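Student: Structure file entry_33.csv (CSV, C-alpha atoms) right here:
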```csv
chain,number,residue,atom,x,y,z
M,1,MET,CA,-26.6,8.0,25.5
M,2,ALA,CA,-25.1,6.2,22.5
M,3,THR,CA,-23.0,8.0,20.0
M,4,ARG,CA,-24.5,8.6,16.6
M,5,VAL,CA,-22.1,7.1,14.0
M,6,LEU,CA,-22.5,9.4,11.0
M,7,TYR,CA,-20.6,7.4,8.4
M,8,MET,CA,-22.9,4.4,9.1
M,9,GLU,CA,-26.0,6.2,8.1
M,10,GLU,CA,-27.7,5.3,4.8
M,11,ARG,CA,-27.3,7.8,2.0
M,12,ARG,CA,-30.7,9.3,1.0
M,13,GLY,CA,-31.5,10.8,-2.4
M,14,GLN,CA,-28.9,13.3,-3.5
M,15,GLU,CA,-27.2,13.6,-0.1
M,16,PRO,CA,-23.4,13.2,-0.1
M,17,ASP,CA,-22.1,9.7,0.7
M,18,PRO,CA,-21.5,9.8,4.5
M,19,CYS,CA,-18.3,7.7,4.2
M,20,TYR,CA,-16.7,10.6,2.4
M,21,ALA,CA,-17.6,13.3,4.9
M,22,ARG,CA,-14.5,14.8,6.6
M,23,GLU,CA,-15.8,17.2,9.2
M,24,PHE,CA,-18.6,17.3,11.7
M,25,ASP,CA,-19.9,19.2,14.8
M,26,ALA,CA,-20.5,17.4,18.1
M,27,ARG,CA,-21.0,17.9,21.8
M,28,ILE,CA,-19.1,16.1,24.5
M,29,LEU,CA,-21.2,13.7,26.5
M,30,GLU,CA,-18.5,12.3,28.8
M,31,ARG,CA,-14.8,13.1,29.7
M,32,GLY,CA,-12.4,10.4,30.8
M,33,PRO,CA,-8.7,10.6,31.8
M,34,ASP,CA,-7.5,10.8,28.2
M,35,PHE,CA,-10.7,10.5,26.1
M,36,VAL,CA,-14.0,12.1,25.3
M,37,VAL,CA,-17.3,10.5,24.3
M,38,LEU,CA,-19.3,12.5,21.7
M,39,ASP,CA,-22.9,12.7,20.8
M,40,GLN,CA,-22.0,12.0,17.2
M,41,THR,CA,-18.9,11.2,15.2
M,42,LEU,CA,-17.3,10.5,11.9
M,43,PHE,CA,-14.3,8.8,13.4
M,44,TYR,CA,-14.0,5.0,12.9
M,45,ALA,CA,-13.2,3.0,16.0
M,46,GLU,CA,-10.7,0.2,15.5
M,47,GLY,CA,-12.2,-3.2,14.8
M,48,GLY,CA,-13.1,-5.7,12.2
M,49,GLY,CA,-9.6,-5.7,10.7
M,50,GLN,CA,-9.8,-1.9,10.0
M,51,PRO,CA,-7.5,0.5,11.9
M,52,ASP,CA,-9.1,3.5,13.6
M,53,ASP,CA,-9.2,7.1,12.3
M,54,THR,CA,-7.1,9.9,13.6
M,55,GLY,CA,-7.7,13.6,13.3
M,56,THR,CA,-8.4,16.7,15.4
M,57,LEU,CA,-11.1,18.1,17.7
M,58,ARG,CA,-11.3,21.9,17.7
M,59,TRP,CA,-13.1,24.4,19.8
M,60,ASN,CA,-13.2,28.2,20.1
M,61,ASP,CA,-9.8,28.7,21.8
M,62,GLY,CA,-8.0,25.5,21.2
M,63,GLY,CA,-7.6,22.1,19.6
M,64,ALA,CA,-6.5,18.5,20.3
M,65,ARG,CA,-5.2,15.6,18.3
M,66,VAL,CA,-7.4,12.5,18.2
M,67,ILE,CA,-4.6,9.9,18.5
M,68,ARG,CA,-6.8,6.7,18.9
M,69,VAL,CA,-10.4,5.7,18.7
M,70,THR,CA,-11.7,2.7,20.5
M,71,LYS,CA,-15.0,1.0,21.2
M,72,GLU,CA,-15.6,-0.7,24.5
M,73,LYS,CA,-18.9,-2.2,25.4
M,74,GLY,CA,-20.6,0.0,22.8
M,75,VAL,CA,-19.0,3.2,24.0
M,76,ILE,CA,-16.8,5.0,21.4
M,77,LYS,CA,-13.9,6.8,23.0
M,78,HIS,CA,-11.9,9.5,21.3
M,79,HIS,CA,-8.5,9.4,22.9
M,80,VAL,CA,-6.9,12.9,22.8
M,81,ASP,CA,-3.6,14.5,23.6
M,82,ARG,CA,-5.3,17.5,25.3
M,83,MET,CA,-8.7,17.6,27.0
M,84,PRO,CA,-11.2,20.0,25.3
M,85,THR,CA,-12.2,22.9,27.5
M,86,ALA,CA,-15.5,23.4,25.7
M,87,ASP,CA,-18.5,21.2,25.3
M,88,ALA,CA,-19.0,21.9,21.6
M,89,VAL,CA,-16.3,20.7,19.3
M,90,HIS,CA,-15.6,20.5,15.6
M,91,GLY,CA,-14.1,17.2,14.4
M,92,VAL,CA,-11.9,16.8,11.4
M,93,ILE,CA,-10.6,13.3,10.3
M,94,ASP,CA,-7.3,12.7,8.6
M,95,TRP,CA,-8.6,12.1,5.1
M,96,ASP,CA,-5.6,10.5,3.5
M,97,ARG,CA,-5.6,7.8,6.2
M,98,ARG,CA,-9.3,7.3,6.0
M,99,TYR,CA,-9.4,7.1,2.2
M,100,LYS,CA,-6.6,4.6,2.0
M,101,HIS,CA,-8.5,2.4,4.5
M,102,MET,CA,-11.6,2.8,2.4
M,103,ARG,CA,-9.8,1.6,-0.7
M,104,MET,CA,-8.2,-1.3,1.2
M,105,HIS,CA,-11.4,-2.4,3.0
M,106,THR,CA,-13.5,-2.4,-0.2
M,107,SER,CA,-10.8,-4.4,-2.0
M,108,GLN,CA,-10.8,-6.9,0.8
M,109,HIS,CA,-14.5,-7.4,0.4
M,110,LEU,CA,-14.0,-7.8,-3.3
M,111,MET,CA,-11.3,-10.4,-3.0
M,112,SER,CA,-13.1,-12.3,-0.2
M,113,GLY,CA,-16.3,-12.5,-2.2
M,114,LEU,CA,-14.6,-13.7,-5.4
M,115,VAL,CA,-12.4,-16.3,-3.6
M,116,PHE,CA,-15.5,-17.7,-1.8
M,117,ARG,CA,-17.4,-18.0,-5.1
M,118,THR,CA,-14.6,-19.5,-7.1
M,119,TYR,CA,-12.8,-21.7,-4.5
M,120,GLY,CA,-15.3,-22.1,-1.7
M,121,ALA,CA,-12.7,-20.7,0.8
M,122,ARG,CA,-14.0,-18.6,3.6
M,123,THR,CA,-12.3,-15.5,5.0
M,124,VAL,CA,-11.2,-16.5,8.5
M,125,GLY,CA,-9.1,-13.4,9.2
M,126,ASN,CA,-8.0,-10.1,7.7
M,127,GLN,CA,-6.1,-7.0,8.6
M,128,ILE,CA,-5.9,-3.9,6.4
M,129,HIS,CA,-3.3,-1.2,6.5
M,130,MET,CA,-2.7,1.9,4.4
M,131,ASP,CA,0.1,0.3,2.3
M,132,TYR,CA,-0.8,-3.4,2.2
M,133,SER,CA,-3.3,-5.8,3.6
M,134,ARG,CA,-3.7,-9.5,4.2
M,135,VAL,CA,-6.6,-12.0,4.0
M,136,ASP,CA,-6.6,-15.5,5.5
M,137,PHE,CA,-8.7,-18.1,3.6
M,138,GLN,CA,-9.8,-21.6,4.6
M,139,PRO,CA,-9.9,-24.3,3.2
M,140,ALA,CA,-7.2,-23.1,0.7
M,141,ASN,CA,-4.0,-24.3,-0.9
M,142,PHE,CA,-3.6,-21.7,-3.7
M,143,THR,CA,-1.2,-22.4,-6.6
M,144,PRO,CA,0.6,-19.6,-8.4
M,145,GLU,CA,-2.0,-20.0,-11.1
M,146,ASP,CA,-4.8,-19.5,-8.5
M,147,LEU,CA,-3.1,-16.3,-7.3
M,148,LYS,CA,-2.9,-15.0,-10.8
M,149,ARG,CA,-6.6,-15.7,-11.4
M,150,ILE,CA,-7.6,-14.1,-8.1
M,151,GLU,CA,-5.6,-11.0,-9.0
M,152,ASP,CA,-7.0,-10.9,-12.5
M,153,ASP,CA,-10.6,-11.4,-11.3
M,154,CYS,CA,-10.3,-8.6,-8.8
M,155,ASN,CA,-8.9,-6.2,-11.4
M,156,ARG,CA,-11.6,-7.2,-14.0
M,157,VAL,CA,-14.3,-6.2,-11.5
M,158,ILE,CA,-12.5,-3.0,-10.7
M,159,ALA,CA,-12.2,-2.1,-14.4
M,160,SER,CA,-16.0,-2.6,-14.7
M,161,SER,CA,-16.5,0.4,-12.4
M,162,GLN,CA,-19.3,-1.2,-10.5
M,163,ALA,CA,-21.1,0.8,-7.8
M,164,VAL,CA,-20.6,-0.2,-4.2
M,165,ARG,CA,-24.1,-0.3,-2.6
M,166,ILE,CA,-24.3,0.4,1.2
M,167,PHE,CA,-27.8,-0.2,2.7
M,168,GLU,CA,-29.7,-1.8,5.5
M,169,GLU,CA,-31.7,-5.0,5.4
M,170,ASP,CA,-33.5,-7.1,8.0
M,171,ARG,CA,-31.5,-9.9,9.4
M,172,VAL,CA,-34.0,-12.5,8.2
M,173,VAL,CA,-33.6,-11.2,4.6
M,174,VAL,CA,-29.8,-11.4,4.9
M,175,GLN,CA,-29.9,-14.9,6.2
M,176,ASN,CA,-31.7,-16.0,3.1
M,177,LYS,CA,-29.4,-14.1,0.7
M,178,ILE,CA,-25.9,-14.5,2.1
M,179,ASP,CA,-23.7,-17.3,0.8
M,180,ASP,CA,-21.3,-17.5,3.8
M,181,ARG,CA,-23.8,-17.7,6.7
M,182,ALA,CA,-20.9,-18.1,9.2
M,183,LEU,CA,-20.5,-14.3,8.9
M,184,LEU,CA,-23.7,-13.8,10.7
M,185,ASP,CA,-22.5,-15.7,13.8
M,186,LEU,CA,-20.2,-12.8,14.5
M,187,ILE,CA,-23.1,-10.4,14.9
M,188,PRO,CA,-25.2,-10.6,18.1
M,189,GLN,CA,-28.7,-12.0,17.6
M,190,SER,CA,-30.1,-8.8,19.1
M,191,VAL,CA,-29.1,-6.8,16.0
M,192,ARG,CA,-32.0,-7.2,13.7
M,193,ARG,CA,-31.1,-4.6,11.0
M,194,LEU,CA,-27.8,-5.1,9.3
M,195,ARG,CA,-25.7,-2.7,7.3
M,196,ILE,CA,-24.8,-4.5,4.0
M,197,ILE,CA,-22.0,-3.9,1.5
M,198,GLU,CA,-22.8,-5.2,-2.0
M,199,ILE,CA,-20.5,-5.2,-5.0
M,200,GLY,CA,-22.5,-6.5,-7.9
M,201,SER,CA,-22.5,-10.3,-7.9
M,202,ALA,CA,-19.0,-10.4,-6.3
M,203,ASP,CA,-19.8,-9.7,-2.7
M,204,TYR,CA,-22.8,-9.3,-0.4
M,205,CYS,CA,-21.7,-9.0,3.2
M,206,PRO,CA,-22.7,-7.3,6.5
M,207,CYS,CA,-20.1,-4.8,7.6
M,208,GLY,CA,-19.7,-1.7,9.7
M,209,GLY,CA,-16.6,-0.4,8.0
M,210,THR,CA,-16.0,2.6,5.7
M,211,HIS,CA,-16.2,1.9,2.0
M,212,LEU,CA,-15.9,3.5,-1.5
M,213,LYS,CA,-18.8,4.5,-3.7
M,214,ASN,CA,-17.3,2.7,-6.7
M,215,VAL,CA,-14.8,-0.1,-7.2
M,216,SER,CA,-12.9,2.0,-9.8
M,217,GLU,CA,-11.4,4.0,-6.9
M,218,ILE,CA,-9.6,0.9,-5.6
M,219,GLY,CA,-6.9,1.1,-8.1
M,220,THR,CA,-5.1,-2.1,-9.1
M,221,VAL,CA,-4.8,-5.2,-6.9
M,222,HIS,CA,-1.3,-6.6,-6.8
M,223,ILE,CA,-0.7,-9.8,-4.9
M,224,LEU,CA,2.7,-9.8,-3.2
M,225,GLU,CA,2.8,-13.3,-1.7
M,226,LYS,CA,1.0,-16.3,-0.3
M,227,ARG,CA,1.8,-17.6,3.1
M,228,SER,CA,0.7,-20.9,4.7
M,229,LYS,CA,-0.9,-20.3,8.1
M,230,GLY,CA,-1.6,-23.9,9.0
M,231,LYS,CA,-3.6,-26.8,7.7
M,232,GLU,CA,-5.7,-25.7,4.7
M,233,THR,CA,-5.2,-22.0,5.6
M,234,ASP,CA,-3.5,-19.6,3.2
M,235,ARG,CA,-2.8,-15.9,3.7
M,236,ILE,CA,-2.8,-13.6,0.7
M,237,VAL,CA,-0.8,-10.4,1.1
M,238,TYR,CA,-1.4,-7.7,-1.4
M,239,GLN,CA,-1.1,-4.0,-2.1
M,240,LEU,CA,-3.0,-1.5,-4.1
M,241,LEU,CA,-1.3,0.4,-7.0
M,242,PRO,CA,-2.5,3.9,-7.7
M,243,GLU,CA,-5.9,4.5,-9.2
```
Once more with this new file: its structure as structure tokens, please.

Tutor:
Amino acid sequence: MATRVLYMEERRGQEPDPCYAREFDARILERGPDFVVLDQTLFYAEGGGQPDDTGTLRWNDGGARVIRVTKEKGVIKHHVDRMPTADAVHGVIDWDRRYKHMRMHTSQHLMSGLVFRTYGARTVGNQIHMDYSRVDFQPANFTPEDLKRIEDDCNRVIASSQAVRIFEEDRVVVQNKIDDRALLDLIPQSVRRLRIIEIGSADYCPCGGTHLKNVSEIGTVHILEKRSKGKETDRIVYQLLPE
């Protein structure tokens, strides 16, 4: 039985945004040497350039730290420092870590979308952290003036307080709307409904990560440096200043 991924579910009506949920109840489906598989979860499993969530699982007479979350062949494993003794558990994610990743991941989408539209450079790699992140672009040979423009463009969109839309669309619709179609090559053809992250006209991209409701929560993008990573490939390293 597959784990229901709660933060991936589409917001309906006046329901709270699922990416902002911090606690959930679940039942254990499987126990491994150092992990459990749950029937549903809010924990993000490492992948797509985003680190995993950490947190706790609690039950009537005990608790355990979730120290790592992985996904192997579609199975989400919550690696724990103590095996739960009950089948019903209450999960709590480390919110500070999750929220910093949400800010970083949303800012990466914003930067990637703007750079593609302005310079025609695709995102060929990225890794987000809580304190800084990096995005690799190709083809690119950014000048200091280009970096200043990228930073200013990102912060201009952030200042506009645009909503971040998260919704599902059919793969055929996405193929006709997306600018960088190479992104779809990373998703198996068997997946016909895609989760989309949309930031106004700045970005429209399939993604399974956790994101903000509004770009204003990002704070201020501050580019730290550019590094050359080979022929026509530039890496932009940046941080986010407080909101």

Student: Would you please work out which residue, of M:Leu184, M:Ile236, M:Ile199, M:Ala163, is nearest to Leu147 (chain M) when using only C-alpha atoms?

Tutor: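 Nearest candidate to Leu147 (chain M) out of M:Leu184, M:Ile236, M:Ile199, M:Ala163: M:Ile236.
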
Student: Env of region 51-60 of chain M: 8 Å cut, atoms = all atoms listed in the file, seq-sep filter 3 positions within chain, self excluded. Answer as a list of chain:residue names.

Tutor: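 In the requested form, the answer reads M:Phe43, M:Tyr44, M:Ala45, M:Glu46, M:Gly47, M:Gly63, M:Ala64, M:Arg65, M:Val66, M:Ile67, M:Arg68, M:Val69, M:Thr70, M:Pro84, M:Thr85, M:Ala86, M:Ala88, M:Val89, M:His90, M:Gly91, M:Val92, M:Ile93, M:Asp94, M:Arg97, M:Arg98, M:His101, M:Ile128, M:His129.
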
Student: For region 1-10 of chain M, please output as a PyMOL selection string all residues within 6 Å (counting only C-alpha atoms; exclusion window: fewer than 4 positions along the same chain).

Tutor: chain M and resi 18-19+39-42+167

Student: Residues at most 7 Å from region 109-115 of chain M, counting all atoms listed in the file, excluding those fewer than 3 positions away in the same chain, as a count of residues only?

Tutor: 11

Student: Out of M:Val37, M:Val215, M:Ala159, M:Val172, which residue has the shortest atom-to-atom distance to Gly74 (chain M) when counting all atoms listed in the file?

Tutor: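 So, comparing all the options, the nearest one is M:Val37.
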
Student: CA of Arg122 (chain M) and CA of Arg235 (chain M) are how many Å apart?

Tutor: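 So the two atoms, CA of Arg122 (chain M) and CA of Arg235 (chain M), lie 11.5 Å apart.
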
Student: Could you give me, as an MDAnalysis selection string, the residues within 7 Å of Leu38 (chain M), counting only C-alpha atoms and dropping anything in the same chain fewer than 6 positions from it?

Tutor: chainID M and resid 3 26:29

Student: For the residues selected in the previous step, produce a file with C-alpha atoms as a PDB file, in the coordinates of the input.

Tutor:
```pdb
ATOM      1  CA  THR M   3     -23.000   8.000  20.000  1.00  0.00           C
ATOM      2  CA  ALA M  26     -20.500  17.400  18.100  1.00  0.00           C
ATOM      3  CA  ARG M  27     -21.000  17.900  21.800  1.00  0.00           C
ATOM      4  CA  ILE M  28     -19.100  16.100  24.500  1.00  0.00           C
ATOM      5  CA  LEU M  29     -21.200  13.700  26.500  1.00  0.00           C
TER       6      LEU M  29
END
```

Student: Could you state the separation of CA of Ser228 (chain M) and CA of Pro144 (chain M) in Å, given to one decimal place?

Tutor: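 Those two atoms sit 13.2 Å apart.
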
Student: CA of His222 (chain M) and CA of Tyr132 (chain M) are how many Å apart?

Tutor: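 For CA of His222 (chain M) relative to CA of Tyr132 (chain M), the distance reads 9.6 Å.
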
Student: With only C-alpha atoms as the basis for distance, which of M:Gly200, M:Gly208, M:Gly49, M:Pro188 is at the shortest distance from Ser133 (chain M)?

Tutor: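 Between M:Gly200, M:Gly208, M:Gly49, M:Pro188, the residue approaching Ser133 (chain M) most closely is M:Gly49.
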
Student: Closest to Lys71 (chain M) among M:Phe35, M:Ile218, M:Asn176, M:Val191, using all atoms listed in the file?

Tutor: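 Answer, going by the shortest atom-to-atom distance: M:Phe35.
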
Student: Residues near Ser216 (chain M), anyone? I mean within 7 Å using all atoms listed in the file, not counting same-chain ones fewer than 3 positions away, as a PyMOL selection string.

Tutor: chain M and resi 158-159+161+219

Student: Please determine, counting all atoms listed in the file, which residue among M:Ser201, M:Glu168, M:Val221, M:Val173 has the shortest atom-to-atom distance to Pro242 (chain M).

Tutor: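 Looking only at the distances to Pro242 (chain M), the closest residue turns out to be M:Val221.
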
Student: Looking at M:Ile187, M:Ile196, M:Met130, M:Thr220, which one is nearest to Arg156 (chain M), with distances taken over all atoms listed in the file?

Tutor: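 Result for the nearest residue to Arg156 (chain M): M:Thr220.
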
Student: Supply region 89-116 of chain M as an mmCIF file, in the frame of the given file, with N, CA and C atoms built in where the input has gaps.

Tutor:
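result.cif, written as the output of this step:
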```
data_model
loop_
_atom_site.group_PDB
_atom_site.id
_atom_site.type_symbol
_atom_site.label_atom_id
_atom_site.label_comp_id
_atom_site.auth_asym_id
_atom_site.auth_seq_id
_atom_site.Cartn_x
_atom_site.Cartn_y
_atom_site.Cartn_z
ATOM 1 N N VAL M 89 -17.528 20.859 20.026
ATOM 2 C CA VAL M 89 -16.300 20.700 19.300
ATOM 3 C C VAL M 89 -16.571 20.458 17.808
ATOM 4 N N HIS M 90 -15.548 20.721 17.005
ATOM 5 C CA HIS M 90 -15.600 20.500 15.600
ATOM 6 C C HIS M 90 -14.568 19.425 15.236
ATOM 7 N N GLY M 91 -15.015 18.277 14.708
ATOM 8 C CA GLY M 91 -14.100 17.200 14.400
ATOM 9 C C GLY M 91 -13.682 17.185 12.953
ATOM 10 N N VAL M 92 -12.408 16.878 12.720
ATOM 11 C CA VAL M 92 -11.900 16.800 11.400
ATOM 12 C C VAL M 92 -11.036 15.471 11.318
ATOM 13 N N ILE M 93 -11.377 14.547 10.406
ATOM 14 C CA ILE M 93 -10.600 13.300 10.300
ATOM 15 C C ILE M 93 -9.439 13.488 9.357
ATOM 16 N N ASP M 94 -8.392 12.704 9.568
ATOM 17 C CA ASP M 94 -7.300 12.700 8.600
ATOM 18 C C ASP M 94 -7.709 11.936 7.386
ATOM 19 N N TRP M 95 -7.987 12.700 6.322
ATOM 20 C CA TRP M 95 -8.600 12.100 5.100
ATOM 21 C C TRP M 95 -7.726 11.142 4.390
ATOM 22 N N ASP M 96 -6.449 11.422 4.281
ATOM 23 C CA ASP M 96 -5.600 10.500 3.500
ATOM 24 C C ASP M 96 -5.575 9.133 4.175
ATOM 25 N N ARG M 97 -5.514 9.071 5.493
ATOM 26 C CA ARG M 97 -5.600 7.800 6.200
ATOM 27 C C ARG M 97 -6.916 7.110 5.990
ATOM 28 N N ARG M 98 -8.001 7.867 6.174
ATOM 29 C CA ARG M 98 -9.300 7.300 6.000
ATOM 30 C C ARG M 98 -9.540 6.755 4.596
ATOM 31 N N TYR M 99 -9.151 7.531 3.575
ATOM 32 C CA TYR M 99 -9.400 7.100 2.200
ATOM 33 C C TYR M 99 -8.610 5.863 1.834
ATOM 34 N N LYS M 100 -7.381 5.766 2.300
ATOM 35 C CA LYS M 100 -6.600 4.600 2.000
ATOM 36 C C LYS M 100 -7.233 3.345 2.700
ATOM 37 N N HIS M 101 -7.774 3.528 3.886
ATOM 38 C CA HIS M 101 -8.500 2.400 4.500
ATOM 39 C C HIS M 101 -9.749 2.050 3.784
ATOM 40 N N MET M 102 -10.448 3.040 3.241
ATOM 41 C CA MET M 102 -11.600 2.800 2.400
ATOM 42 C C MET M 102 -11.304 1.933 1.215
ATOM 43 N N ARG M 103 -10.224 2.305 0.533
ATOM 44 C CA ARG M 103 -9.800 1.600 -0.700
ATOM 45 C C ARG M 103 -9.425 0.128 -0.282
ATOM 46 N N MET M 104 -8.663 -0.018 0.798
ATOM 47 C CA MET M 104 -8.200 -1.300 1.200
ATOM 48 C C MET M 104 -9.409 -2.203 1.689
ATOM 49 N N HIS M 105 -10.306 -1.617 2.471
ATOM 50 C CA HIS M 105 -11.400 -2.400 3.000
ATOM 51 C C HIS M 105 -12.346 -2.875 1.883
ATOM 52 N N THR M 106 -12.607 -1.993 0.928
ATOM 53 C CA THR M 106 -13.500 -2.400 -0.200
ATOM 54 C C THR M 106 -12.781 -3.449 -1.045
ATOM 55 N N SER M 107 -11.469 -3.340 -1.237
ATOM 56 C CA SER M 107 -10.800 -4.400 -2.000
ATOM 57 C C SER M 107 -10.760 -5.701 -1.279
ATOM 58 N N GLN M 108 -10.712 -5.667 0.051
ATOM 59 C CA GLN M 108 -10.800 -6.900 0.800
ATOM 60 C C GLN M 108 -12.118 -7.598 0.642
ATOM 61 N N HIS M 109 -13.194 -6.826 0.654
ATOM 62 C CA HIS M 109 -14.500 -7.400 0.400
ATOM 63 C C HIS M 109 -14.567 -8.039 -0.992
ATOM 64 N N LEU M 110 -14.030 -7.333 -1.968
ATOM 65 C CA LEU M 110 -14.000 -7.800 -3.300
ATOM 66 C C LEU M 110 -13.275 -9.142 -3.434
ATOM 67 N N MET M 111 -12.067 -9.183 -2.897
ATOM 68 C CA MET M 111 -11.300 -10.400 -3.000
ATOM 69 C C MET M 111 -11.929 -11.549 -2.197
ATOM 70 N N SER M 112 -12.430 -11.268 -1.010
ATOM 71 C CA SER M 112 -13.100 -12.300 -0.200
ATOM 72 C C SER M 112 -14.280 -12.895 -0.908
ATOM 73 N N GLY M 113 -15.087 -12.026 -1.514
ATOM 74 C CA GLY M 113 -16.300 -12.500 -2.200
ATOM 75 C C GLY M 113 -15.939 -13.349 -3.411
ATOM 76 N N LEU M 114 -14.969 -12.919 -4.201
ATOM 77 C CA LEU M 114 -14.600 -13.700 -5.400
ATOM 78 C C LEU M 114 -13.953 -14.997 -5.049
ATOM 79 N N VAL M 115 -13.091 -15.014 -4.031
ATOM 80 C CA VAL M 115 -12.400 -16.300 -3.600
ATOM 81 C C VAL M 115 -13.471 -17.267 -3.107
ATOM 82 N N PHE M 116 -14.443 -16.796 -2.354
ATOM 83 C CA PHE M 116 -15.500 -17.700 -1.800
ATOM 84 C C PHE M 116 -16.277 -18.311 -2.987
#
```
